[in-house]
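Asker: Sending over a structure as structure tokens; questions will come in a sec.
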Amino acid sequence: MDKIRQNLFIYSVGVLFIIILVLAAAGVIDLYIQTVIMFIGVNIIFASSLSIVNGYMGEFSCGHAGFMAVGAYVSSVLSVTLFTANKLTGAPLLPPSLSVVLFPVVILIGGIVAAIAGLLVAVPSFKTRDDYLAIITIAVNFIIVTLINNMAVVGGSRGFMGMKKVLYAMKDVVPFPYILFWVMTFAILTVFIIRRFVSSVYGKGIIAIKQDEVAAEIMSINTNRMKLVAFMFSSGLAGISGGLFAHVIGYVNPGSFSILKSTEALVMVYMAGMGSLGGSVISAILFTILLELLRPFQILKWVIIPLLLILLMQFRPEGLMGDKELPDFFPKLKKYYKFK
Amino acid sequence: MSLLKITNLVQRFGGLTAVSGYQADIKEGSLNGLIGPNGAGKTTIFNLISGFYVPTEGTIEFDGTLINGKKPHEVTALGIGRTFQNIRLWHDMTVLDNIRLSQHYHLQYSLAGALFRSKQYYKREREIKEEALKLLDIFGLKKEADEFPKNLPYGVQRRVEIARALSVQPKLLLLDEPAAGLSSADVKELIDHIKWIHKNFDITILMIEHQMQVIMNLCEDIKVLDFGKTIAEGSPEEIQKNPQVIKAYLGDEGDIYA
Amino acid sequence: MFTSFFQNIINALQWGSFYSMIALGYCLVYGVLRLINFAHGDIFMVAAYLGFIFITFLFKYIFVGGGVSGWLILAITLPVVMFFTSVLGVFIERVAYRPLREKGAHRLYVVITALMVGLILENGNLALFGASSRKFPAIIHRSVISFSGVHITNLKVLVIIAAFVTFAFLQAIVNKTKIGMAMRAISYDKFAIPLMGIPVNKVIVFTFILGSSLAAVAGVLFGMSYPVLNPYMGMIIGWKAFIAAVVGGIGDIKGAFLGGFLLGFIEILIVSFFSSNLKDLISFLILLIILVIKPTGFYGVAKSTKI
């Protein structure tokens with residue numbers, strides 16, 4: 001009985017997961033709601049991956065969308081060339097039915113390439129900190145986006161499409177809301193894994209770097225390696241969110257990964273409070289829903305949201321949750337939640 | 001047997017020579033002092049030993065290995081613990097975490113181990129926590145384990161910092177002005193404390209200190225630095241009588257206990 | 001070859017002038033508050049629009065018949081735009097930044113607020129004026145001086161002179177006047193300065209007035225030189241100018257000024273030798289490499305961590 005109570009939180013996440021999937025497969029929730037849920041999932045991955053660097057390690061990376069772009073393009077090009085008839089390779093390189101199995105692998109490869117792109121920021125971070133590093137991240141974002149803009153192979157500024165066909169190929173095998181399934185799975189895994197990372201003595205090394213880098217180095221923490229791990233981990237997860245995003249929308253263009261997208265990630269992380277993973281998740285959900293609710297206002301949406309945020313910061317200058325997690329506010333929650 | 005052997009150490013910052021020709025041969029198990037007026041280059045020597053600076057000239061040999069040019073975390077892993085002039089704890093992390101994080105050099109599990117919670121991970125995390133609690137217990141800090149250092153009194157913070165330096169299981173402990181900012185009662189306690197650490201942890205200590213009471217009570221061998229140069233060395237009694245030291249430290253007249 | 005070389009230098013000087021003037025505005029605020037004022041590029045954009053509105057107003061209601069010298073119109077427009085832009089700058093500081101500072105919020109929250117203010121300005125403008133670009137009225141008749149194939153318009157000369165004059169003016173203010181000394185003092189030590197009896201908030205307001213006025217000058221001149229205005233023009237130029245300022249060494253006026261010109265030269269050279277598509281890619285790569293090699297920029301001083 002105790003065991004059930006302690007794991008109640010995890011169970012309820014699992015039950016919610018299954019309910020959404022079943023409802024989606026049965027067609028009870030329509031495609032629009034499904035898309036919103038998927039956007040929430042993508043944003044959870046995007047925001048919580050940035051919170052590794054900006055929240056826990058205390059750096060100010062503002063070019064996170066660049067890594068999202070890398071992941072999006074790599075996994076899109078892979079999945080389109082592998083599983084569908086396309087302009088680049090003509091016939092699909094693999095039988096389209098394999099996409100059911102290989103789809104997550106393709107997304108992961110996008111993440112791995114994005115993690116390697118993360119080196120562009122990680123290596124300068126050995127020598128630089130603070131605002132100077134922030135500038136480097138902005139420059140990297142610009143570089144990645146303009147690079148894609150100039151790559152005619154993937155459509156340049158016109159963008160790249162065909163990912164919907166991959167989803168159809170998967171649905172041809174067995175009808176099932178695959179993309180919804182994978183977005184939710186990756187989102188849950190991401191949060192889970194980041195939580196594990198920052199609660200281990202190993203991962204807490206990055207919190208030590210935030211609080212006092214000199215002390216971290218003298219207390220035997222290899223700060224350069226930890227920075228490398230944090231940046232690559234963070235950009236790799238951003239790449240995964242990008243790959244999923246591309247497949248949800250079915251179309252990517254370099255413009256969707258501009259500084260504005262990076263700003264969205266910053267908004268979600270700082271709205272949550274620096275160093276609160278639960279906060280990042282909550283603000284990713286709130287932010288996505290807010291975006292959808294304000295859709296009728298069209299462009300005014302992007303006046304209202306910043307205004308709301310400025311107001312929020314006037315009242316809670318440390319963000320919604322500061323550096324605390326949910327159970328710190330509601331100690332009773334601890335009863336239903338045991339973390340290993 | 002000599003534990004730390006420094007020959008002809010020179011450090012220049014641009015035109016400024018912070019340390020010139022420093023020599024040391026620190027015996028295992030000894031308790032050594034480094035004194036001198038402000039700006040004499042004492043902390044620079046500590047920073048050179050612990051790897052923050054690469055010496056312009058000279059060699060630092062620790063326990064038979066050449067350590068100049070090594071990174072601070074590598075030096076620490078070899079067995080040199082250190083405290084700072086201004087307390088540098090991680091102030092927004094619990095005392096227990098402060099001690100635990102210093103086990104980074106021998107975690108013995110990988111990133112994947114941490115993410116997928118390998119058996120080795122659980123074993124090591126448990127051991128690390130037990131060791132940390134044991135150390136805190138020895139230092140009488142067990143009830144402060146879940147406090148944030150920033151909320152603790154200054155004297156306790158000093159004690160936590162020394163405990164943290166010891167948690168890397170060093171053979172050599174570098175103490176940078178451990179008595180700075182302490183009241184006279186705390187200083188007396190600190191002296192006993194360092195004596196006790198020296199005996200119980202079987203450790204070699206090199207300390208910088210301005211308070212003569214501490215140095216004279218503790219150290220067997222003292223070096224006096226002025227403008228980067230060693231101007232005297234010897235036992236407390238010899239140092240007290242050395243006219244050059246008195247001149248450099250206190251001007252022409254004065255009592256060394258002032 | 002020779003003529004195209006000189007033509008490029010003139011073009012680069014003009015293009016760099018804009019970056020420099022905007023970079024100077026970033027640099028002023030950063031120097032005093034350690035705040036990356038991401039809204040600054042958008043203030044520049046608003047200034048260009050204000051110039052557009054005011055000149056249109058002048059033509060429609062005051063100088064209906066025309067026949068007024070363009071220089072006179074410019075002479076009236078500049079101070080008016082500078083005034084309104086400064087009001088905007090100070091308003092933003094009073095309403096958005098100062099309360100956060102006084103609540104002791106983390107530095108980065110102020111930066112995020114600046115980002116949000118930028119978004120509001122861009123999209124507010126977009127909502128007001130619509131997505132179509134506006135054409136800045138031509139007020140000064142373009143006269144071309146050409147010798148041996150190099151064309152120099154009077155506008156280009158005006159822009160370059162304006163950049164150098166504003167730079168000299170700022171240098172004088174920061175280094176020679178009392179309030180400039182106060183600005184430098186605040187950047188050194190935020191906590192001790194109020195104890196010295198320096199009215200910190202007044203100095204900060206003054207800084208924002210200076211920075212916004214600079215953006216106003218740059219905005220109006222930009223509108224005259226490249227008469228197509230759109231709400232996002234400030235964002236891209238602003239981010240670029242900021243990176244340029246950092247490459248020069250942010251917090252140092254000389255550095256920001258040189259950084260702006262450096263970026264101008266790099267971009268113009270890339271456009272003339274490669275293609276304009278590669279402009280952003282190569283220029284950012286060059287800036288990135290400079291920053292990796294010399295993280296504090298050309299004139300910036302490394303803040304060494306004391307151990």
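FYI, nothing fancy with the structure tokens labels: chains A, B, ... in order, residues from 1 per chain, ligands from 1 as they appear.
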Residues near range 155-158 of chain B, anyone? I mean within 9 Å using only C-alpha atoms, not counting same-chain ones fewer than 5 positions away, as an mmCIF file with C-alpha atoms, in the first residue's frame.
Answerer:
```cif
data_model
loop_
_atom_site.group_PDB
_atom_site.id
_atom_site.type_symbol
_atom_site.label_atom_id
_atom_site.label_comp_id
_atom_site.auth_asym_id
_atom_site.auth_seq_id
_atom_site.Cartn_x
_atom_site.Cartn_y
_atom_site.Cartn_z
ATOM 1 C CA THR B 83 40.597 26.245 1.852
ATOM 2 C CA ILE B 87 35.157 31.240 2.490
ATOM 3 C CA LEU B 89 31.521 27.187 0.034
ATOM 4 C CA LEU B 141 28.379 19.198 12.077
ATOM 5 C CA PRO B 149 26.081 27.376 4.587
ATOM 6 C CA LYS B 150 24.951 30.953 4.019
ATOM 7 C CA ALA B 163 35.773 19.540 6.543
ATOM 8 C CA PRO B 178 41.906 29.910 8.602
ATOM 9 C CA ALA B 179 41.706 32.334 11.504
ATOM 10 C CA GLY B 181 37.554 36.954 10.808
ATOM 11 C CA LEU B 182 37.315 34.739 13.874
ATOM 12 C CA SER B 183 36.895 36.011 17.413
ATOM 13 C CA ASP B 186 37.119 30.943 18.119
#
```
Asker: Could the residues of chain B within 9 Å of chain C, counting only C-alpha atoms, be given as a list in words, please?
Answerer: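 That gives Thr43, Asn47, Phe52, Phe84, Gln85 and Asn86 of chain B for chain B.
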Asker: Based on the selection just made, write N, CA and C atoms of those residues as a PDB file, in the first residue's frame.
Answerer:
```
ATOM      1  N   THR B  43      49.429  33.793  -1.090  1.00  0.00           N
ATOM      2  CA  THR B  43      48.305  33.129  -1.749  1.00  0.00           C
ATOM      3  C   THR B  43      48.678  32.713  -3.167  1.00  0.00           C
ATOM      4  N   ASN B  47      48.073  29.220  -4.949  1.00  0.00           N
ATOM      5  CA  ASN B  47      47.428  29.054  -6.254  1.00  0.00           C
ATOM      6  C   ASN B  47      48.315  28.298  -7.225  1.00  0.00           C
ATOM      7  N   PHE B  52      46.057  26.670 -10.123  1.00  0.00           N
ATOM      8  CA  PHE B  52      45.337  27.747 -10.791  1.00  0.00           C
ATOM      9  C   PHE B  52      46.249  28.549 -11.708  1.00  0.00           C
ATOM     10  N   PHE B  84      40.058  28.546   1.400  1.00  0.00           N
ATOM     11  CA  PHE B  84      40.300  29.864   0.817  1.00  0.00           C
ATOM     12  C   PHE B  84      40.268  30.952   1.881  1.00  0.00           C
ATOM     13  N   GLN B  85      40.946  32.047   1.516  1.00  0.00           N
ATOM     14  CA  GLN B  85      40.987  33.201   2.402  1.00  0.00           C
ATOM     15  C   GLN B  85      39.579  33.702   2.723  1.00  0.00           C
ATOM     16  N   ASN B  86      38.783  33.914   1.647  1.00  0.00           N
ATOM     17  CA  ASN B  86      37.364  34.215   1.861  1.00  0.00           C
ATOM     18  C   ASN B  86      36.654  32.893   1.638  1.00  0.00           C
TER      19      ASN B  86
END
```
Asker: Env of range 115-125 of chain A: 6 Å cut, atoms = only C-alpha atoms, seq-sep filter 2 positions within chain, self excluded. Answer as a list in words.
Answerer: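 My reading of the contact set: Ile112, Val113, Lys127, Thr128, Leu228, Phe231, Met232, Ser235 and Gly236 of chain A; Val292 of chain C.
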Asker: How would the residues just picked look written out with N, CA, C and O atoms as a compact mmCIF listing (two decimals), in the first residue's frame?
Answerer:
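For reference, again.txt as written:
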```txt
# COMPACT_ATOMS: atom_id res chain seq x y z
N ILE A 112 21.64 13.45 -31.46
CA ILE A 112 23.09 13.26 -31.31
C ILE A 112 23.85 14.29 -32.15
O ILE A 112 24.82 14.90 -31.67
N VAL A 113 23.40 14.52 -33.39
CA VAL A 113 24.07 15.52 -34.23
C VAL A 113 23.95 16.89 -33.58
O VAL A 113 24.91 17.67 -33.55
N LYS A 127 36.59 29.01 -21.69
CA LYS A 127 37.32 30.24 -21.44
C LYS A 127 36.42 31.41 -21.08
O LYS A 127 36.85 32.36 -20.46
N THR A 128 35.16 31.34 -21.52
CA THR A 128 34.29 32.50 -21.42
C THR A 128 33.11 32.21 -20.52
O THR A 128 32.69 31.08 -20.39
N LEU A 228 31.10 20.61 -20.84
CA LEU A 228 30.93 19.87 -22.09
C LEU A 228 29.68 18.99 -22.00
O LEU A 228 28.82 19.00 -22.88
N PHE A 231 26.40 21.21 -21.86
CA PHE A 231 26.03 21.83 -23.13
C PHE A 231 25.59 20.78 -24.16
O PHE A 231 24.63 20.98 -24.90
N MET A 232 26.32 19.66 -24.21
CA MET A 232 25.97 18.64 -25.20
C MET A 232 24.65 17.97 -24.84
O MET A 232 23.81 17.71 -25.71
N SER A 235 21.93 20.60 -25.67
CA SER A 235 21.64 20.81 -27.09
C SER A 235 21.15 19.53 -27.74
O SER A 235 20.35 19.58 -28.68
N GLY A 236 21.59 18.38 -27.24
CA GLY A 236 21.09 17.12 -27.77
C GLY A 236 19.59 16.99 -27.55
O GLY A 236 18.84 16.63 -28.46
N VAL C 292 36.08 33.83 -29.76
CA VAL C 292 36.66 32.64 -29.14
C VAL C 292 38.13 32.89 -28.82
O VAL C 292 38.64 32.50 -27.77
```
Asker: Tell me which protein, DNA and RNA residues are within 10 Å of range 79-92 of chain A, counting only C-alpha atoms, leaving out same-chain ones fewer than 4 positions away, and put them as a list in words.
Answerer: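 These residues fall inside the cut-off: Tyr73, Val74, Ser75, Pro96, Ser97, Leu98, Ser99, Val100, Leu102, Phe103, Val105, Val106, Ile107, Val153, Val154, Phe160, Met161, Gly162, Met163, Lys164, Lys165, Val166, Leu167, Tyr168, Ala169, Met170, Gly243 and His247 of chain A.
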Asker: Could you name the residues that touch Gly205 in chain A at 8 Å or less, counting only C-alpha atoms, but leaving out those on the same chain fewer than 5 positions away, as a PyMOL selection string?
Answerer: (chain A and resi 216+221+223+226) or (chain B and resi 101+104)
Asker: Would you write out those residues with all heavy atoms, as a PDB file, in the first residue's frame?
Answerer:
```pdb
ATOM      1  N   ALA A 216      34.521  24.765  -7.304  1.00  0.00           N
ATOM      2  CA  ALA A 216      34.219  23.495  -7.970  1.00  0.00           C
ATOM      3  C   ALA A 216      35.492  22.851  -8.485  1.00  0.00           C
ATOM      4  O   ALA A 216      35.735  21.660  -8.297  1.00  0.00           O
ATOM      5  CB  ALA A 216      33.239  23.725  -9.117  1.00  0.00           C
ATOM      6  N   ILE A 221      36.222  18.796  -9.101  1.00  0.00           N
ATOM      7  CA  ILE A 221      35.269  18.684 -10.212  1.00  0.00           C
ATOM      8  C   ILE A 221      35.949  19.160 -11.487  1.00  0.00           C
ATOM      9  O   ILE A 221      36.482  20.265 -11.543  1.00  0.00           O
ATOM     10  CB  ILE A 221      34.008  19.527  -9.933  1.00  0.00           C
ATOM     11  CG1 ILE A 221      33.258  18.967  -8.729  1.00  0.00           C
ATOM     12  CG2 ILE A 221      33.097  19.528 -11.158  1.00  0.00           C
ATOM     13  CD1 ILE A 221      32.163  19.852  -8.227  1.00  0.00           C
ATOM     14  N   THR A 223      35.696  20.920 -14.271  1.00  0.00           N
ATOM     15  CA  THR A 223      34.657  21.857 -14.728  1.00  0.00           C
ATOM     16  C   THR A 223      34.516  21.857 -16.244  1.00  0.00           C
ATOM     17  O   THR A 223      33.404  21.964 -16.751  1.00  0.00           O
ATOM     18  CB  THR A 223      34.949  23.290 -14.239  1.00  0.00           C
ATOM     19  OG1 THR A 223      36.296  23.607 -14.541  1.00  0.00           O
ATOM     20  CG2 THR A 223      34.732  23.413 -12.767  1.00  0.00           C
ATOM     21  N   MET A 226      32.411  18.931 -17.180  1.00  0.00           N
ATOM     22  CA  MET A 226      31.013  19.112 -16.801  1.00  0.00           C
ATOM     23  C   MET A 226      30.312  20.088 -17.741  1.00  0.00           C
ATOM     24  O   MET A 226      29.150  19.910 -18.088  1.00  0.00           O
ATOM     25  CB  MET A 226      30.905  19.618 -15.352  1.00  0.00           C
ATOM     26  CG  MET A 226      31.252  18.604 -14.285  1.00  0.00           C
ATOM     27  SD  MET A 226      30.548  16.980 -14.537  1.00  0.00           S
ATOM     28  CE  MET A 226      28.801  17.291 -14.260  1.00  0.00           C
TER      29      MET A 226
ATOM     30  N   LEU B 101      29.905  16.588  -2.930  1.00  0.00           N
ATOM     31  CA  LEU B 101      30.379  16.956  -4.260  1.00  0.00           C
ATOM     32  C   LEU B 101      31.883  16.850  -4.382  1.00  0.00           C
ATOM     33  O   LEU B 101      32.420  16.719  -5.473  1.00  0.00           O
ATOM     34  CB  LEU B 101      29.937  18.372  -4.583  1.00  0.00           C
ATOM     35  CG  LEU B 101      28.585  18.431  -5.246  1.00  0.00           C
ATOM     36  CD1 LEU B 101      28.101  19.839  -5.353  1.00  0.00           C
ATOM     37  CD2 LEU B 101      28.681  17.824  -6.628  1.00  0.00           C
ATOM     38  N   HIS B 104      33.862  14.041  -6.370  1.00  0.00           N
ATOM     39  CA  HIS B 104      33.795  13.957  -7.825  1.00  0.00           C
ATOM     40  C   HIS B 104      34.981  13.227  -8.436  1.00  0.00           C
ATOM     41  O   HIS B 104      34.871  12.639  -9.493  1.00  0.00           O
ATOM     42  CB  HIS B 104      33.697  15.363  -8.404  1.00  0.00           C
ATOM     43  CG  HIS B 104      32.518  15.563  -9.288  1.00  0.00           C
ATOM     44  ND1 HIS B 104      32.594  15.474 -10.639  1.00  0.00           N
ATOM     45  CD2 HIS B 104      31.222  15.839  -9.012  1.00  0.00           C
ATOM     46  CE1 HIS B 104      31.408  15.685 -11.165  1.00  0.00           C
ATOM     47  NE2 HIS B 104      30.542  15.910 -10.195  1.00  0.00           N
TER      48      HIS B 104
END
```
Asker: Could you tell me which of A:Phe245, A:Phe67, A:Tyr336, A:Phe233 comes closest to chain B if we count only C-alpha atoms?
Answerer: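 Distance minimum relative to chain B lands on A:Phe233.
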Asker: Residues of chain B within 9 Å of chain A, counting only C-alpha atoms, what are they? List them as a PyMOL selection string.
Answerer: chain B and resi 50-52+71-77+81-84+88-93+97-98+100-107+109-111+114-117+121+125+128+164-165+167-168
Asker: If you run DSSP over the backbone, which residues in range 43-247 of chain B end up strand (DSSP E or B)? Put them as a compact mmCIF listing (two decimals) with N, CA and C atoms, in the first residue's frame.
Answerer:
```txt
# COMPACT_ATOMS: atom_id res chain seq x y z
N GLU B 57 58.59 29.82 -13.84
CA GLU B 57 59.76 28.96 -13.78
C GLU B 57 59.64 28.05 -12.56
N GLY B 58 60.47 27.03 -12.54
CA GLY B 58 60.54 26.20 -11.35
C GLY B 58 59.64 24.98 -11.42
N THR B 59 59.82 24.09 -10.45
CA THR B 59 59.05 22.86 -10.44
C THR B 59 58.36 22.66 -9.10
N ILE B 60 57.22 22.02 -9.16
CA ILE B 60 56.52 21.61 -7.94
C ILE B 60 56.34 20.10 -8.02
N GLU B 61 56.89 19.43 -7.03
CA GLU B 61 56.81 17.98 -7.06
C GLU B 61 56.03 17.54 -5.84
N PHE B 62 54.96 16.80 -6.07
CA PHE B 62 54.14 16.35 -4.94
C PHE B 62 54.11 14.84 -4.92
N THR B 65 55.38 13.09 -7.94
CA THR B 65 54.93 13.46 -9.30
C THR B 65 55.08 14.95 -9.49
N LEU B 66 55.45 15.31 -10.71
CA LEU B 66 55.56 16.71 -11.07
C LEU B 66 54.14 17.24 -11.30
N ILE B 80 45.69 16.93 -2.66
CA ILE B 80 45.92 18.22 -2.01
C ILE B 80 44.57 18.88 -1.78
N GLY B 81 44.24 19.10 -0.53
CA GLY B 81 42.99 19.79 -0.20
C GLY B 81 43.29 21.24 0.14
N ARG B 82 42.30 22.09 0.00
CA ARG B 82 42.61 23.50 0.20
C ARG B 82 41.40 24.28 0.69
N LEU B 172 48.03 16.38 1.76
CA LEU B 172 48.51 17.71 2.11
C LEU B 172 47.31 18.64 2.19
N LEU B 173 47.23 19.38 3.28
CA LEU B 173 46.13 20.33 3.44
C LEU B 173 46.69 21.74 3.41
N LEU B 174 46.15 22.57 2.50
CA LEU B 174 46.58 23.96 2.43
C LEU B 174 45.51 24.82 3.09
N LEU B 175 45.87 25.53 4.15
CA LEU B 175 44.90 26.39 4.82
C LEU B 175 45.29 27.85 4.58
N ASP B 176 44.40 28.58 3.93
CA ASP B 176 44.68 29.98 3.62
C ASP B 176 43.98 30.87 4.65
N THR B 204 49.65 16.22 6.38
CA THR B 204 50.65 17.28 6.36
C THR B 204 49.92 18.60 6.13
N ILE B 205 50.30 19.61 6.86
CA ILE B 205 49.58 20.88 6.72
C ILE B 205 50.54 22.01 6.38
N LEU B 206 50.11 22.85 5.41
CA LEU B 206 50.83 24.07 5.12
C LEU B 206 49.82 25.19 5.27
N MET B 207 50.12 26.17 6.15
CA MET B 207 49.12 27.21 6.34
C MET B 207 49.69 28.60 6.21
N ILE B 208 48.82 29.48 5.69
CA ILE B 208 49.11 30.91 5.67
C ILE B 208 48.32 31.50 6.82
N ASP B 221 57.73 24.56 11.43
CA ASP B 221 58.66 25.20 10.52
C ASP B 221 57.94 26.37 9.84
N ILE B 222 58.60 27.50 9.84
CA ILE B 222 57.94 28.69 9.30
C ILE B 222 58.82 29.33 8.24
N LYS B 223 58.16 29.78 7.17
CA LYS B 223 58.88 30.56 6.15
C LYS B 223 58.30 31.96 6.15
N VAL B 224 59.16 32.96 6.00
CA VAL B 224 58.68 34.33 5.95
C VAL B 224 58.93 34.88 4.55
N LEU B 225 57.88 35.44 3.99
CA LEU B 225 57.96 35.94 2.62
C LEU B 225 57.83 37.45 2.63
N ASP B 226 58.60 38.12 1.79
CA ASP B 226 58.38 39.55 1.59
C ASP B 226 58.71 39.87 0.14
N LYS B 229 60.03 37.14 -2.04
CA LYS B 229 61.26 36.45 -1.70
C LYS B 229 61.17 35.88 -0.29
N THR B 230 61.82 34.74 -0.09
CA THR B 230 61.88 34.17 1.24
C THR B 230 62.96 34.92 2.01
N ILE B 231 62.57 35.55 3.11
CA ILE B 231 63.59 36.30 3.84
C ILE B 231 64.06 35.58 5.10
N ALA B 232 63.29 34.60 5.53
CA ALA B 232 63.76 33.86 6.70
C ALA B 232 63.03 32.55 6.79
N GLU B 233 63.63 31.58 7.44
CA GLU B 233 62.90 30.37 7.73
C GLU B 233 63.50 29.70 8.97
N GLY B 234 62.68 28.89 9.59
CA GLY B 234 63.17 28.22 10.79
C GLY B 234 62.04 27.92 11.75
```
